[in-house]
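Read through the structure below, which is laid out as structure tokens, and then see the notes.
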Amino acid sequence: MKEIVLSVHGLVDFLLRRGSIDNRIYNNASMAEGTRIHLRYQQIQNDNYLKEEELKIDYEYKDFLFHLSGRADGIIIGNKYPIIDEIKSTVIKLEDFYNEQKEWHLGQALVYAFIYASENELDKMGVRLTYISQLDKEDKLIMNFTYSFDELKAYFEDLLDKYLDFYKIICEHDERRIATSSNLEFPYKNYRNGQRELAKFVYGAILNEDSLFVEAPTGIGKTMSTLFPACKSFATAGTSKIFYLSAKNIAKEVAYDACKKLLENGLDSKVIKLTSKEKLCLTGKRNCNPDECPFALNYYNKIQDVIRLILKNETTIDDSIILEYANKYEICPFEMQLDVSLYIDIIICDYNYIFDPLVYLKRYFELEQKTPYVALIDESHNLVDRSRDMYSTFIDLSSLVLLQKQFKRNKHPRFKRALKKLILYIQDVAIDMEEDYLLLSNNFPDEFYDLLENYFKQAQDILKNYSDYVSDLFTQVFVDINRLLKISDFYNSYFKCYFQKENDDVFVHIRCVDSSILLEHTLKKLKASIFFSATLTPMDYYVKCLGGNEDTPILKLESPFPKKNCLTLIRNDISTRYKDRTNSYLDIARTIEETICKKVGNYLVFFSSYQYLENVFEKINFLPNVKYIKQTRDMDDTQRHLFLNNFIEEPSLTTVGFAVLGGVFSEGIDLNKDKLIGAIIVGVGIPQISFERNLIKSYYDEQELNGYDYSYVNPGITKIIQAAGRVIRSENDVGIVVFIDDRFKQFKYQDILKKEYRNSYFVSNLNDLGRKLEDFWKR
């Protein structure tokens, strides 16, 4: 018997939701406020009111076994018959909300009523819809209904019939996916060195339902070595979905191509590559409501039919496919791709779709239980800072003051009062600040939270009822305060709140200093999580920061490429510390010139900042037959491609690219063969000393760890190893890496360099550098 695991929301929302996308009514802040209203309303009920009651049912129907579960907002007992209470809150008129969404809201309550009646063998149930205004909590609308058990059963089975009519498409595909997964062979004739071992460990971690941290050198084929065993687990481990996560578009493209290769090799799976809202939006305005966007209008009336068509006709789905259907059926492409992805086997997307508290795909994780999903997390070293940023945010006083000026002539006294109180609160704190930064106590200020919440309610009213008042600035402040409220709900000991004065402005920040506990909460919902990168050094740092523990399995693969093919030189007589930089420009320029003159080829030089890059660039003696190119701050995708197009095979003249550590050219680019024969890394990659970095340092010091290493040294080590890894990418590649910084004399750096680069030498002047390079290239 085929089993179907569903939440009540998943069943009812898919079948009964109608109407339009409208972010004036449905948004993260209104949902958060709705949760708070639920809690307040539940708390004032008497002992006969059961709050957030978990309901489950295993129901056999037409050769299927449904496992259905959810939480009823409330169950009222002690009367002639129990009553299911479904609580809804909104910023629009309650009667309008009820009339527009009655079928959807009532359907949810009826399913809960059937489950409760079945469990308790009842022949009658009551259903109540309780509507509460988010603008005026005293404003309520209560609708009462009664149903017999037979009526509830007939309604419930009618929903199952409608769902099965759609689900049979999914069921037939699942059977084909499992069968072809069982017979799937590795898509290449031979494994590269290290690939088989990596695939074996990934497969084992999935079978054991565990996490795994893998450091594997660039060039061994990590993408296929993780995707292939994960796809095999469709048949052997009950995996139903694979998330391939990366921060880099280029890595997503590589994963998408690898999936196509597996499909060509016989796997029957559906693959989608998710695209950001900014790139998909067809109006460019991102005003997601039916009054301003035709693609939002009646979205929920259309989406079922569009999903059916895509599942019937498409196998690999990218932005071009999504936009084709969006234009044809006038439906929002961004929301459509997310809804379609529910029924896709392999989802390639950014980290934030799993880990960001405002962006993540809630539809996948609404059941608080382990899912049959596997996450493959590429370039995992990026997730440490990215995850901290996901749980960090700020607002600025200048935007609030400017908005106040814009609203001077607008008639909405409650909004203007809320905005004024918020401004005065920030100004009052700023006046008493004796320094540029003020770190608040461990708790997020209650008074400030109440002011933000009040402002947001009034802003919602303006969005819905005073659209003429809405400007780009209003929208941006709305988004910023929405995020601040949401992040504040997570506030704990691993968060810091502080005020900052800068250039006549005041910023209020919430900063996450340790996201590991938050990541761990998400990881527990996954069947398995595979973290992999060319650089997870030091490994214990990454395991701790990314939600692992001392028992988490790790795998470190040695480079399969001949050590003699790469010469590593460490020039340890030049200080690149900030205070010494002015004296370093000329020495670094001469080192670059000495390095590139020994052999014609392509080189990349990496600096810790654009300013450092520019200062050294000015000191270069531009040699004939050498092309010099620079990374700039505002490069778009086209300019990046043009930059990389300069690195060609078998060049007749030398090209030197100047780039920034940690940037787009220091990881994720594929310059194989002799497209790149040398990398010069200036500095140890340590981030600039800052208030935020010092918050992280202090936090880990308090944990009795080396806070300076956690905040500064370890992120720097990752940057320089990533940059150096651009050079040797296959067994036939030959190249050189030159590190420049006197801190490489320190033991911690020497120890890492010895492990990473066996063929390495310290040099303390240009002559030694030149001789070593000449000897290497002659061999």
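Residues in the structure tokens are numbered from 1 in each chain, the chains being A, B, ... in the order shown, and ligands are numbered from 1 in the order shown.
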
- Which neighbours of Ser533 (chain A) fall inside 10 Å, counting only C-alpha atoms, when residues of the same chain fewer than 2 positions from it are skipped, and could you give them as a PyMOL selection string? chain A and resi 213-218+222+377-382+531+535-537+722

Within 12 Å of region 196-211 of chain A, which residues of region 544-607 of chain A show up? Give each one with its shortest atom-to-atom distance in Å (one decimal) and the two atoms involved, counting only C-alpha atoms, rows by chain then rising residue number, as CSV.
residue,atom,partner,partner_atom,distance
A:Leu546,CA,A:Ser211,CA,10.6
A:Gly547,CA,A:Ser211,CA,9.6
A:Gly548,CA,A:Ser211,CA,7.7
A:Asn549,CA,A:Ser211,CA,9.9
A:Glu550,CA,A:Ser211,CA,11.7
A:Asp551,CA,A:Ser211,CA,9.8
A:Thr552,CA,A:Ser211,CA,6.4
A:Pro553,CA,A:Ser211,CA,6.9
A:Ile554,CA,A:Ser211,CA,8.8
A:Leu555,CA,A:Phe201,CA,7.9
A:Lys556,CA,A:Leu198,CA,9.3
A:Leu557,CA,A:Leu198,CA,8.1
A:Glu558,CA,A:Glu197,CA,11.2

- Query: Asn572 (chain A): which residues within 10 Å, counting only C-alpha atoms, same-chain residues fewer than 2 positions away excluded, as a ChimeraX atom specification?
  - Reply: /A:569-570,574-575,739-746,762-765

Only N, CA, C and O atoms, please: the residues just picked out, written as a PDB file, in the first residue's frame.
ATOM      1  N   LEU A 569      55.993  29.125  -2.861  1.00  0.00           N
ATOM      2  CA  LEU A 569      57.011  29.994  -2.265  1.00  0.00           C
ATOM      3  C   LEU A 569      56.340  30.946  -1.294  1.00  0.00           C
ATOM      4  O   LEU A 569      55.291  31.524  -1.594  1.00  0.00           O
ATOM      5  N   ILE A 570      56.952  31.085  -0.124  1.00  0.00           N
ATOM      6  CA  ILE A 570      56.401  31.985   0.903  1.00  0.00           C
ATOM      7  C   ILE A 570      57.412  33.088   1.156  1.00  0.00           C
ATOM      8  O   ILE A 570      58.489  32.834   1.715  1.00  0.00           O
ATOM      9  N   ILE A 574      58.015  40.508   4.138  1.00  0.00           N
ATOM     10  CA  ILE A 574      57.207  41.706   3.852  1.00  0.00           C
ATOM     11  C   ILE A 574      55.981  41.696   4.758  1.00  0.00           C
ATOM     12  O   ILE A 574      55.221  40.727   4.782  1.00  0.00           O
ATOM     13  N   SER A 575      55.784  42.778   5.481  1.00  0.00           N
ATOM     14  CA  SER A 575      54.600  42.903   6.329  1.00  0.00           C
ATOM     15  C   SER A 575      53.469  43.543   5.523  1.00  0.00           C
ATOM     16  O   SER A 575      53.650  44.594   4.911  1.00  0.00           O
ATOM     17  N   PHE A 739      52.993  33.129  -1.711  1.00  0.00           N
ATOM     18  CA  PHE A 739      52.357  33.806  -0.581  1.00  0.00           C
ATOM     19  C   PHE A 739      53.276  34.931  -0.119  1.00  0.00           C
ATOM     20  O   PHE A 739      54.498  34.750  -0.035  1.00  0.00           O
ATOM     21  N   ILE A 740      52.704  36.094   0.213  1.00  0.00           N
ATOM     22  CA  ILE A 740      53.497  37.233   0.670  1.00  0.00           C
ATOM     23  C   ILE A 740      52.960  37.733   2.002  1.00  0.00           C
ATOM     24  O   ILE A 740      51.847  38.269   2.080  1.00  0.00           O
ATOM     25  N   ASP A 741      53.694  37.524   3.081  1.00  0.00           N
ATOM     26  CA  ASP A 741      53.356  38.099   4.390  1.00  0.00           C
ATOM     27  C   ASP A 741      54.332  37.551   5.422  1.00  0.00           C
ATOM     28  O   ASP A 741      54.615  36.349   5.434  1.00  0.00           O
ATOM     29  N   ASP A 742      54.831  38.415   6.305  1.00  0.00           N
ATOM     30  CA  ASP A 742      55.792  37.935   7.304  1.00  0.00           C
ATOM     31  C   ASP A 742      55.123  37.112   8.406  1.00  0.00           C
ATOM     32  O   ASP A 742      55.797  36.434   9.180  1.00  0.00           O
ATOM     33  N   ARG A 743      53.776  37.121   8.474  1.00  0.00           N
ATOM     34  CA  ARG A 743      53.089  36.323   9.485  1.00  0.00           C
ATOM     35  C   ARG A 743      53.138  34.828   9.170  1.00  0.00           C
ATOM     36  O   ARG A 743      52.795  34.006  10.027  1.00  0.00           O
ATOM     37  N   PHE A 744      53.557  34.471   7.968  1.00  0.00           N
ATOM     38  CA  PHE A 744      53.705  33.056   7.642  1.00  0.00           C
ATOM     39  C   PHE A 744      54.848  32.415   8.432  1.00  0.00           C
ATOM     40  O   PHE A 744      55.022  31.193   8.396  1.00  0.00           O
ATOM     41  N   LYS A 745      55.615  33.230   9.161  1.00  0.00           N
ATOM     42  CA  LYS A 745      56.626  32.680  10.070  1.00  0.00           C
ATOM     43  C   LYS A 745      55.975  32.031  11.292  1.00  0.00           C
ATOM     44  O   LYS A 745      56.582  31.192  11.955  1.00  0.00           O
ATOM     45  N   GLN A 746      54.728  32.447  11.610  1.00  0.00           N
ATOM     46  CA  GLN A 746      54.061  31.935  12.809  1.00  0.00           C
ATOM     47  C   GLN A 746      53.720  30.461  12.633  1.00  0.00           C
ATOM     48  O   GLN A 746      53.384  29.993  11.540  1.00  0.00           O
ATOM     49  N   PHE A 762      60.435  28.785   2.011  1.00  0.00           N
ATOM     50  CA  PHE A 762      60.443  30.177   2.445  1.00  0.00           C
ATOM     51  C   PHE A 762      61.551  30.918   1.706  1.00  0.00           C
ATOM     52  O   PHE A 762      62.663  30.410   1.561  1.00  0.00           O
ATOM     53  N   VAL A 763      61.238  32.124   1.226  1.00  0.00           N
ATOM     54  CA  VAL A 763      62.244  32.984   0.595  1.00  0.00           C
ATOM     55  C   VAL A 763      62.154  34.365   1.232  1.00  0.00           C
ATOM     56  O   VAL A 763      61.078  34.814   1.601  1.00  0.00           O
ATOM     57  N   SER A 764      63.291  35.023   1.350  1.00  0.00           N
ATOM     58  CA  SER A 764      63.299  36.317   2.050  1.00  0.00           C
ATOM     59  C   SER A 764      63.815  37.464   1.189  1.00  0.00           C
ATOM     60  O   SER A 764      64.078  38.540   1.703  1.00  0.00           O
ATOM     61  N   ASN A 765      63.981  37.213  -0.109  1.00  0.00           N
ATOM     62  CA  ASN A 765      64.377  38.306  -0.996  1.00  0.00           C
ATOM     63  C   ASN A 765      64.050  37.928  -2.435  1.00  0.00           C
ATOM     64  O   ASN A 765      63.730  36.772  -2.751  1.00  0.00           O
TER      65      ASN A 765
END

- Using DSSP on the backbone coordinates, identify the residues of region 311-449 of chain A assigned to alpha helix (DSSP H); present them as a VMD selection string. chain A and resid 311 to 313 319 to 329 333 to 341 352 to 355 383 to 390 397 to 406 413 to 431 446 to 449

Excluding region 776-778 of chain A and any residue of its chain fewer than 6 positions from it, enumerate the residues within 12 Å of it, using only C-alpha atoms, and give them as a compact mmCIF listing (two decimals) with C-alpha atoms, in the first residue's frame.
# COMPACT_ATOMS: atom_id res chain seq x y z
CA LYS A 564 56.07 18.18 -7.68
CA ASN A 565 53.74 19.89 -10.18
CA CYS A 566 53.15 22.83 -7.84
CA LEU A 567 55.85 25.03 -6.35
CA THR A 568 54.84 27.06 -3.31
CA LEU A 569 57.01 29.99 -2.26
CA THR A 595 57.25 36.07 -10.69
CA ILE A 596 55.56 36.71 -14.03
CA CYS A 597 58.76 37.33 -16.00
CA LYS A 598 60.06 33.77 -15.50
CA LYS A 599 57.45 32.13 -17.73
CA VAL A 600 54.85 33.30 -20.23
CA GLY A 601 51.40 32.40 -18.97
CA ILE A 677 49.84 28.78 -14.08
CA GLY A 678 50.36 31.05 -11.10
CA VAL A 734 51.76 22.66 -13.50
CA GLY A 735 51.93 25.93 -11.61
CA ILE A 736 53.27 28.08 -8.82
CA VAL A 737 51.78 29.77 -5.76
CA ASN A 759 56.63 21.35 -2.19
CA SER A 760 57.00 24.68 -0.33
CA TYR A 761 59.93 26.96 0.49
CA LEU A 769 62.44 33.92 -5.30
CA GLY A 770 63.78 34.26 -8.84

Per residue of region 245-341 of chain A within 12 Å of region 448-469 of chain A, what are the shortest atom pair and its distance in Å to one decimal, counting only C-alpha atoms, with rows by chain and residue number, as a Markdown table?
| residue | atom | partner | partner_atom | distance |
| --- | --- | --- | --- | --- |
| A:Asn287 | CA | A:Leu463 | CA | 10.1 |
| A:Cys288 | CA | A:Leu463 | CA | 11.0 |
| A:Asn289 | CA | A:Lys464 | CA | 9.5 |
| A:Pro290 | CA | A:Lys464 | CA | 11.2 |
| A:Asp291 | CA | A:Ser467 | CA | 9.4 |
| A:Glu292 | CA | A:Ser467 | CA | 9.8 |

Using N, CA and C atoms, can you export the residues from the last selection as a PDB file, in the first residue's frame?
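The resulting file, out_7.pdb, is reproduced below:
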ATOM      1  N   ASN A 287       5.959  44.825  -6.309  1.00  0.00           N
ATOM      2  CA  ASN A 287       4.760  45.135  -5.543  1.00  0.00           C
ATOM      3  C   ASN A 287       3.789  43.978  -5.743  1.00  0.00           C
ATOM      4  N   CYS A 288       3.870  43.006  -4.847  1.00  0.00           N
ATOM      5  CA  CYS A 288       3.182  41.733  -5.064  1.00  0.00           C
ATOM      6  C   CYS A 288       1.753  41.803  -4.566  1.00  0.00           C
ATOM      7  N   ASN A 289       0.895  42.441  -5.330  1.00  0.00           N
ATOM      8  CA  ASN A 289      -0.519  42.497  -5.008  1.00  0.00           C
ATOM      9  C   ASN A 289      -1.303  42.653  -6.303  1.00  0.00           C
ATOM     10  N   PRO A 290      -2.571  42.258  -6.311  1.00  0.00           N
ATOM     11  CA  PRO A 290      -3.338  42.233  -7.564  1.00  0.00           C
ATOM     12  C   PRO A 290      -3.633  43.613  -8.144  1.00  0.00           C
ATOM     13  N   ASP A 291      -3.535  44.650  -7.327  1.00  0.00           N
ATOM     14  CA  ASP A 291      -3.792  45.992  -7.841  1.00  0.00           C
ATOM     15  C   ASP A 291      -2.623  46.527  -8.668  1.00  0.00           C
ATOM     16  N   GLU A 292      -1.411  46.021  -8.404  1.00  0.00           N
ATOM     17  CA  GLU A 292      -0.225  46.556  -9.081  1.00  0.00           C
ATOM     18  C   GLU A 292       0.506  45.541  -9.950  1.00  0.00           C
TER      19      GLU A 292
END

- Counting only C-alpha atoms, the residue among A:Gln42, A:Ser225, A:Ser246, A:Ser488 that lies closest to Ala72 (chain A) is A:Gln42

Contacts of Lys102 (chain A) at 12 Å or less, counting only C-alpha atoms, minus same-chain residues fewer than 4 places along, as a PDB file with N, CA, C and O atoms, in the first residue's frame?
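Below you can see out_25.pdb, which holds the result:
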ATOM      1  N   LEU A  16      -7.779  24.130  -1.679  1.00  0.00           N
ATOM      2  CA  LEU A  16      -8.855  25.091  -1.400  1.00  0.00           C
ATOM      3  C   LEU A  16      -8.458  26.560  -1.461  1.00  0.00           C
ATOM      4  O   LEU A  16      -9.347  27.415  -1.518  1.00  0.00           O
ATOM      5  N   ARG A  17      -7.163  26.848  -1.436  1.00  0.00           N
ATOM      6  CA  ARG A  17      -6.807  28.266  -1.438  1.00  0.00           C
ATOM      7  C   ARG A  17      -7.139  28.885  -2.788  1.00  0.00           C
ATOM      8  O   ARG A  17      -6.814  28.343  -3.839  1.00  0.00           O
ATOM      9  N   ARG A  18      -7.749  30.039  -2.761  1.00  0.00           N
ATOM     10  CA  ARG A  18      -8.115  30.769  -3.967  1.00  0.00           C
ATOM     11  C   ARG A  18      -7.724  32.233  -3.805  1.00  0.00           C
ATOM     12  O   ARG A  18      -7.389  32.696  -2.722  1.00  0.00           O
ATOM     13  N   GLY A  19      -7.781  32.957  -4.906  1.00  0.00           N
ATOM     14  CA  GLY A  19      -7.521  34.388  -4.833  1.00  0.00           C
ATOM     15  C   GLY A  19      -6.149  34.759  -5.340  1.00  0.00           C
ATOM     16  O   GLY A  19      -5.526  34.035  -6.119  1.00  0.00           O
ATOM     17  N   GLU A  86     -10.636  27.605  14.805  1.00  0.00           N
ATOM     18  CA  GLU A  86      -9.612  28.013  13.841  1.00  0.00           C
ATOM     19  C   GLU A  86      -9.486  29.536  13.907  1.00  0.00           C
ATOM     20  O   GLU A  86     -10.441  30.266  13.622  1.00  0.00           O
ATOM     21  N   LYS A  88      -7.921  33.159  12.866  1.00  0.00           N
ATOM     22  CA  LYS A  88      -7.295  33.887  11.763  1.00  0.00           C
ATOM     23  C   LYS A  88      -7.222  35.371  12.120  1.00  0.00           C
ATOM     24  O   LYS A  88      -8.127  35.908  12.768  1.00  0.00           O
ATOM     25  N   LEU A  94     -12.762  42.273   8.591  1.00  0.00           N
ATOM     26  CA  LEU A  94     -12.944  40.865   8.924  1.00  0.00           C
ATOM     27  C   LEU A  94     -14.009  40.204   8.058  1.00  0.00           C
ATOM     28  O   LEU A  94     -13.856  39.053   7.632  1.00  0.00           O
ATOM     29  N   GLU A  95     -15.102  40.919   7.786  1.00  0.00           N
ATOM     30  CA  GLU A  95     -16.166  40.347   6.949  1.00  0.00           C
ATOM     31  C   GLU A  95     -15.648  40.060   5.542  1.00  0.00           C
ATOM     32  O   GLU A  95     -15.968  39.020   4.945  1.00  0.00           O
ATOM     33  N   ASP A  96     -14.814  40.965   5.019  1.00  0.00           N
ATOM     34  CA  ASP A  96     -14.256  40.757   3.679  1.00  0.00           C
ATOM     35  C   ASP A  96     -13.323  39.545   3.663  1.00  0.00           C
ATOM     36  O   ASP A  96     -13.347  38.732   2.736  1.00  0.00           O
ATOM     37  N   PHE A  97     -12.519  39.436   4.702  1.00  0.00           N
ATOM     38  CA  PHE A  97     -11.570  38.319   4.788  1.00  0.00           C
ATOM     39  C   PHE A  97     -12.329  36.990   4.856  1.00  0.00           C
ATOM     40  O   PHE A  97     -11.974  36.018   4.174  1.00  0.00           O
ATOM     41  N   TYR A  98     -13.384  36.955   5.657  1.00  0.00           N
ATOM     42  CA  TYR A  98     -14.188  35.742   5.780  1.00  0.00           C
ATOM     43  C   TYR A  98     -14.831  35.376   4.446  1.00  0.00           C
ATOM     44  O   TYR A  98     -14.769  34.215   4.003  1.00  0.00           O
ATOM     45  N   LEU A 106     -12.446  27.267   6.452  1.00  0.00           N
ATOM     46  CA  LEU A 106     -13.372  26.271   6.978  1.00  0.00           C
ATOM     47  C   LEU A 106     -12.877  24.860   6.675  1.00  0.00           C
ATOM     48  O   LEU A 106     -12.997  23.949   7.499  1.00  0.00           O
ATOM     49  N   GLY A 107     -12.280  24.690   5.504  1.00  0.00           N
ATOM     50  CA  GLY A 107     -11.757  23.382   5.126  1.00  0.00           C
ATOM     51  C   GLY A 107     -10.721  22.877   6.104  1.00  0.00           C
ATOM     52  O   GLY A 107     -10.712  21.682   6.479  1.00  0.00           O
ATOM     53  N   GLN A 108      -9.858  23.758   6.549  1.00  0.00           N
ATOM     54  CA  GLN A 108      -8.827  23.366   7.510  1.00  0.00           C
ATOM     55  C   GLN A 108      -9.471  22.910   8.822  1.00  0.00           C
ATOM     56  O   GLN A 108      -9.116  21.867   9.385  1.00  0.00           O
ATOM     57  N   ALA A 109     -10.435  23.686   9.297  1.00  0.00           N
ATOM     58  CA  ALA A 109     -11.107  23.341  10.553  1.00  0.00           C
ATOM     59  C   ALA A 109     -11.882  22.034  10.429  1.00  0.00           C
ATOM     60  O   ALA A 109     -11.924  21.218  11.366  1.00  0.00           O
ATOM     61  N   LEU A 110     -12.487  21.788   9.262  1.00  0.00           N
ATOM     62  CA  LEU A 110     -13.263  20.568   9.071  1.00  0.00           C
ATOM     63  C   LEU A 110     -12.378  19.323   9.084  1.00  0.00           C
ATOM     64  O   LEU A 110     -12.785  18.262   9.593  1.00  0.00           O
ATOM     65  N   ARG A 128     -15.599  26.432  14.759  1.00  0.00           N
ATOM     66  CA  ARG A 128     -15.669  27.886  14.937  1.00  0.00           C
ATOM     67  C   ARG A 128     -14.535  28.538  14.161  1.00  0.00           C
ATOM     68  O   ARG A 128     -13.380  28.106  14.244  1.00  0.00           O
ATOM     69  N   LEU A 129     -14.863  29.562  13.402  1.00  0.00           N
ATOM     70  CA  LEU A 129     -13.856  30.416  12.767  1.00  0.00           C
ATOM     71  C   LEU A 129     -13.802  31.712  13.550  1.00  0.00           C
ATOM     72  O   LEU A 129     -14.795  32.446  13.631  1.00  0.00           O
ATOM     73  N   THR A 130     -12.654  31.993  14.165  1.00  0.00           N
ATOM     74  CA  THR A 130     -12.474  33.206  14.976  1.00  0.00           C
ATOM     75  C   THR A 130     -11.554  34.163  14.234  1.00  0.00           C
ATOM     76  O   THR A 130     -10.382  33.845  14.003  1.00  0.00           O
ATOM     77  N   TYR A 131     -12.073  35.306  13.845  1.00  0.00           N
ATOM     78  CA  TYR A 131     -11.303  36.313  13.118  1.00  0.00           C
ATOM     79  C   TYR A 131     -10.994  37.487  14.049  1.00  0.00           C
ATOM     80  O   TYR A 131     -11.891  38.002  14.733  1.00  0.00           O
ATOM     81  N   MET A 143     -17.669  32.884  13.655  1.00  0.00           N
ATOM     82  CA  MET A 143     -18.657  32.142  12.871  1.00  0.00           C
ATOM     83  C   MET A 143     -18.700  30.700  13.392  1.00  0.00           C
ATOM     84  O   MET A 143     -17.663  30.034  13.480  1.00  0.00           O
TER      85      MET A 143
END

- Which residues, written as a ChimeraX atom specification, have at least one atom at most 10 Å from Ile21 (chain A), with only C-alpha atoms counted and residues fewer than 2 positions away on the same chain left out? /A:18-19,23-26,288-290,293,295-300,331-332,335

With N, CA and C atoms retained, export the selected residues as a PDB file, in the first residue's frame.
ATOM      1  N   ARG A  18      -7.749  30.039  -2.761  1.00  0.00           N
ATOM      2  CA  ARG A  18      -8.115  30.769  -3.967  1.00  0.00           C
ATOM      3  C   ARG A  18      -7.724  32.233  -3.805  1.00  0.00           C
ATOM      4  N   GLY A  19      -7.781  32.957  -4.906  1.00  0.00           N
ATOM      5  CA  GLY A  19      -7.521  34.388  -4.833  1.00  0.00           C
ATOM      6  C   GLY A  19      -6.149  34.759  -5.340  1.00  0.00           C
ATOM      7  N   ASN A  23       0.961  40.760  -0.815  1.00  0.00           N
ATOM      8  CA  ASN A  23       1.894  40.899   0.309  1.00  0.00           C
ATOM      9  C   ASN A  23       1.528  42.040   1.240  1.00  0.00           C
ATOM     10  N   ARG A  24       0.453  42.747   0.934  1.00  0.00           N
ATOM     11  CA  ARG A  24      -0.060  43.735   1.892  1.00  0.00           C
ATOM     12  C   ARG A  24      -0.815  43.039   3.023  1.00  0.00           C
ATOM     13  N   ILE A  25      -1.321  41.837   2.709  1.00  0.00           N
ATOM     14  CA  ILE A  25      -2.100  41.067   3.693  1.00  0.00           C
ATOM     15  C   ILE A  25      -1.282  39.899   4.237  1.00  0.00           C
ATOM     16  N   TYR A  26      -0.640  39.153   3.316  1.00  0.00           N
ATOM     17  CA  TYR A  26       0.144  37.980   3.708  1.00  0.00           C
ATOM     18  C   TYR A  26       1.623  38.304   3.555  1.00  0.00           C
ATOM     19  N   CYS A 288       3.870  43.006  -4.847  1.00  0.00           N
ATOM     20  CA  CYS A 288       3.182  41.733  -5.064  1.00  0.00           C
ATOM     21  C   CYS A 288       1.753  41.803  -4.566  1.00  0.00           C
ATOM     22  N   ASN A 289       0.895  42.441  -5.330  1.00  0.00           N
ATOM     23  CA  ASN A 289      -0.519  42.497  -5.008  1.00  0.00           C
ATOM     24  C   ASN A 289      -1.303  42.653  -6.303  1.00  0.00           C
ATOM     25  N   PRO A 290      -2.571  42.258  -6.311  1.00  0.00           N
ATOM     26  CA  PRO A 290      -3.338  42.233  -7.564  1.00  0.00           C
ATOM     27  C   PRO A 290      -3.633  43.613  -8.144  1.00  0.00           C
ATOM     28  N   CYS A 293       0.175  44.275  -9.809  1.00  0.00           N
ATOM     29  CA  CYS A 293       0.868  43.244 -10.596  1.00  0.00           C
ATOM     30  C   CYS A 293      -0.142  42.260 -11.192  1.00  0.00           C
ATOM     31  N   PHE A 295       0.427  39.551 -12.596  1.00  0.00           N
ATOM     32  CA  PHE A 295       0.860  38.168 -12.384  1.00  0.00           C
ATOM     33  C   PHE A 295       0.522  37.673 -10.974  1.00  0.00           C
ATOM     34  N   ALA A 296       0.120  38.606 -10.096  1.00  0.00           N
ATOM     35  CA  ALA A 296      -0.342  38.227  -8.758  1.00  0.00           C
ATOM     36  C   ALA A 296      -1.839  37.930  -8.751  1.00  0.00           C
ATOM     37  N   LEU A 297      -2.564  38.482  -9.734  1.00  0.00           N
ATOM     38  CA  LEU A 297      -4.018  38.381  -9.778  1.00  0.00           C
ATOM     39  C   LEU A 297      -4.468  36.931  -9.987  1.00  0.00           C
ATOM     40  N   ASN A 298      -5.324  36.463  -9.092  1.00  0.00           N
ATOM     41  CA  ASN A 298      -5.902  35.111  -9.170  1.00  0.00           C
ATOM     42  C   ASN A 298      -4.835  34.016  -9.276  1.00  0.00           C
ATOM     43  N   TYR A 299      -3.697  34.246  -8.650  1.00  0.00           N
ATOM     44  CA  TYR A 299      -2.604  33.266  -8.708  1.00  0.00           C
ATOM     45  C   TYR A 299      -3.062  31.894  -8.233  1.00  0.00           C
ATOM     46  N   TYR A 300      -3.754  31.831  -7.106  1.00  0.00           N
ATOM     47  CA  TYR A 300      -4.104  30.542  -6.501  1.00  0.00           C
ATOM     48  C   TYR A 300      -5.212  29.823  -7.270  1.00  0.00           C
ATOM     49  N   ILE A 331       1.086  34.349 -14.564  1.00  0.00           N
ATOM     50  CA  ILE A 331       1.200  33.867 -13.193  1.00  0.00           C
ATOM     51  C   ILE A 331       2.590  34.207 -12.669  1.00  0.00           C
ATOM     52  N   CYS A 332       2.691  34.551 -11.403  1.00  0.00           N
ATOM     53  CA  CYS A 332       3.954  35.005 -10.822  1.00  0.00           C
ATOM     54  C   CYS A 332       5.038  33.928 -10.966  1.00  0.00           C
ATOM     55  N   GLU A 335       6.834  32.766  -7.321  1.00  0.00           N
ATOM     56  CA  GLU A 335       6.019  31.880  -6.479  1.00  0.00           C
ATOM     57  C   GLU A 335       5.733  30.572  -7.197  1.00  0.00           C
TER      58      GLU A 335
END

- Message: So that I can see what lies close to Leu11 (chain A), please list as a ChimeraX atom specification the residues with an atom at most 12 Å from it, counting only C-alpha atoms and leaving out residues fewer than 4 positions away in the same chain.
- Response: /A:4-7,15-17,66-70,104,107-108,111-112,156-164,166-167,363

- Message: Here is a test: counting only C-alpha atoms, which residue of A:Ile348, A:Thr146, A:Thr638, A:Ile717 is nearest to Tyr541 (chain A)?
- Response: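 Closest residue, counting only C-alpha atoms: A:Ile717.
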
- Once DSSP has gone over the backbone, tell me which residues of region 483-675 of chain A are in strand (DSSP E), as JSON, numbers by chain. {"A": [495, 496, 497, 498, 499, 500, 501, 502, 505, 506, 507, 508, 509, 510, 511, 512, 528, 529, 530, 531, 532, 533, 554, 555, 556, 566, 567, 568, 569, 570, 571, 602, 603, 604, 605, 606, 607, 626, 627, 628, 629, 630, 654, 655, 656, 657, 658, 659, 660]}

- Query: In Å, with one decimal, what is the gap from CA of Cys545 (chain A) to CA of Ser515 (chain A)?
  - Reply: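 Rounded to one decimal, the two atoms are 7.0 Å apart.
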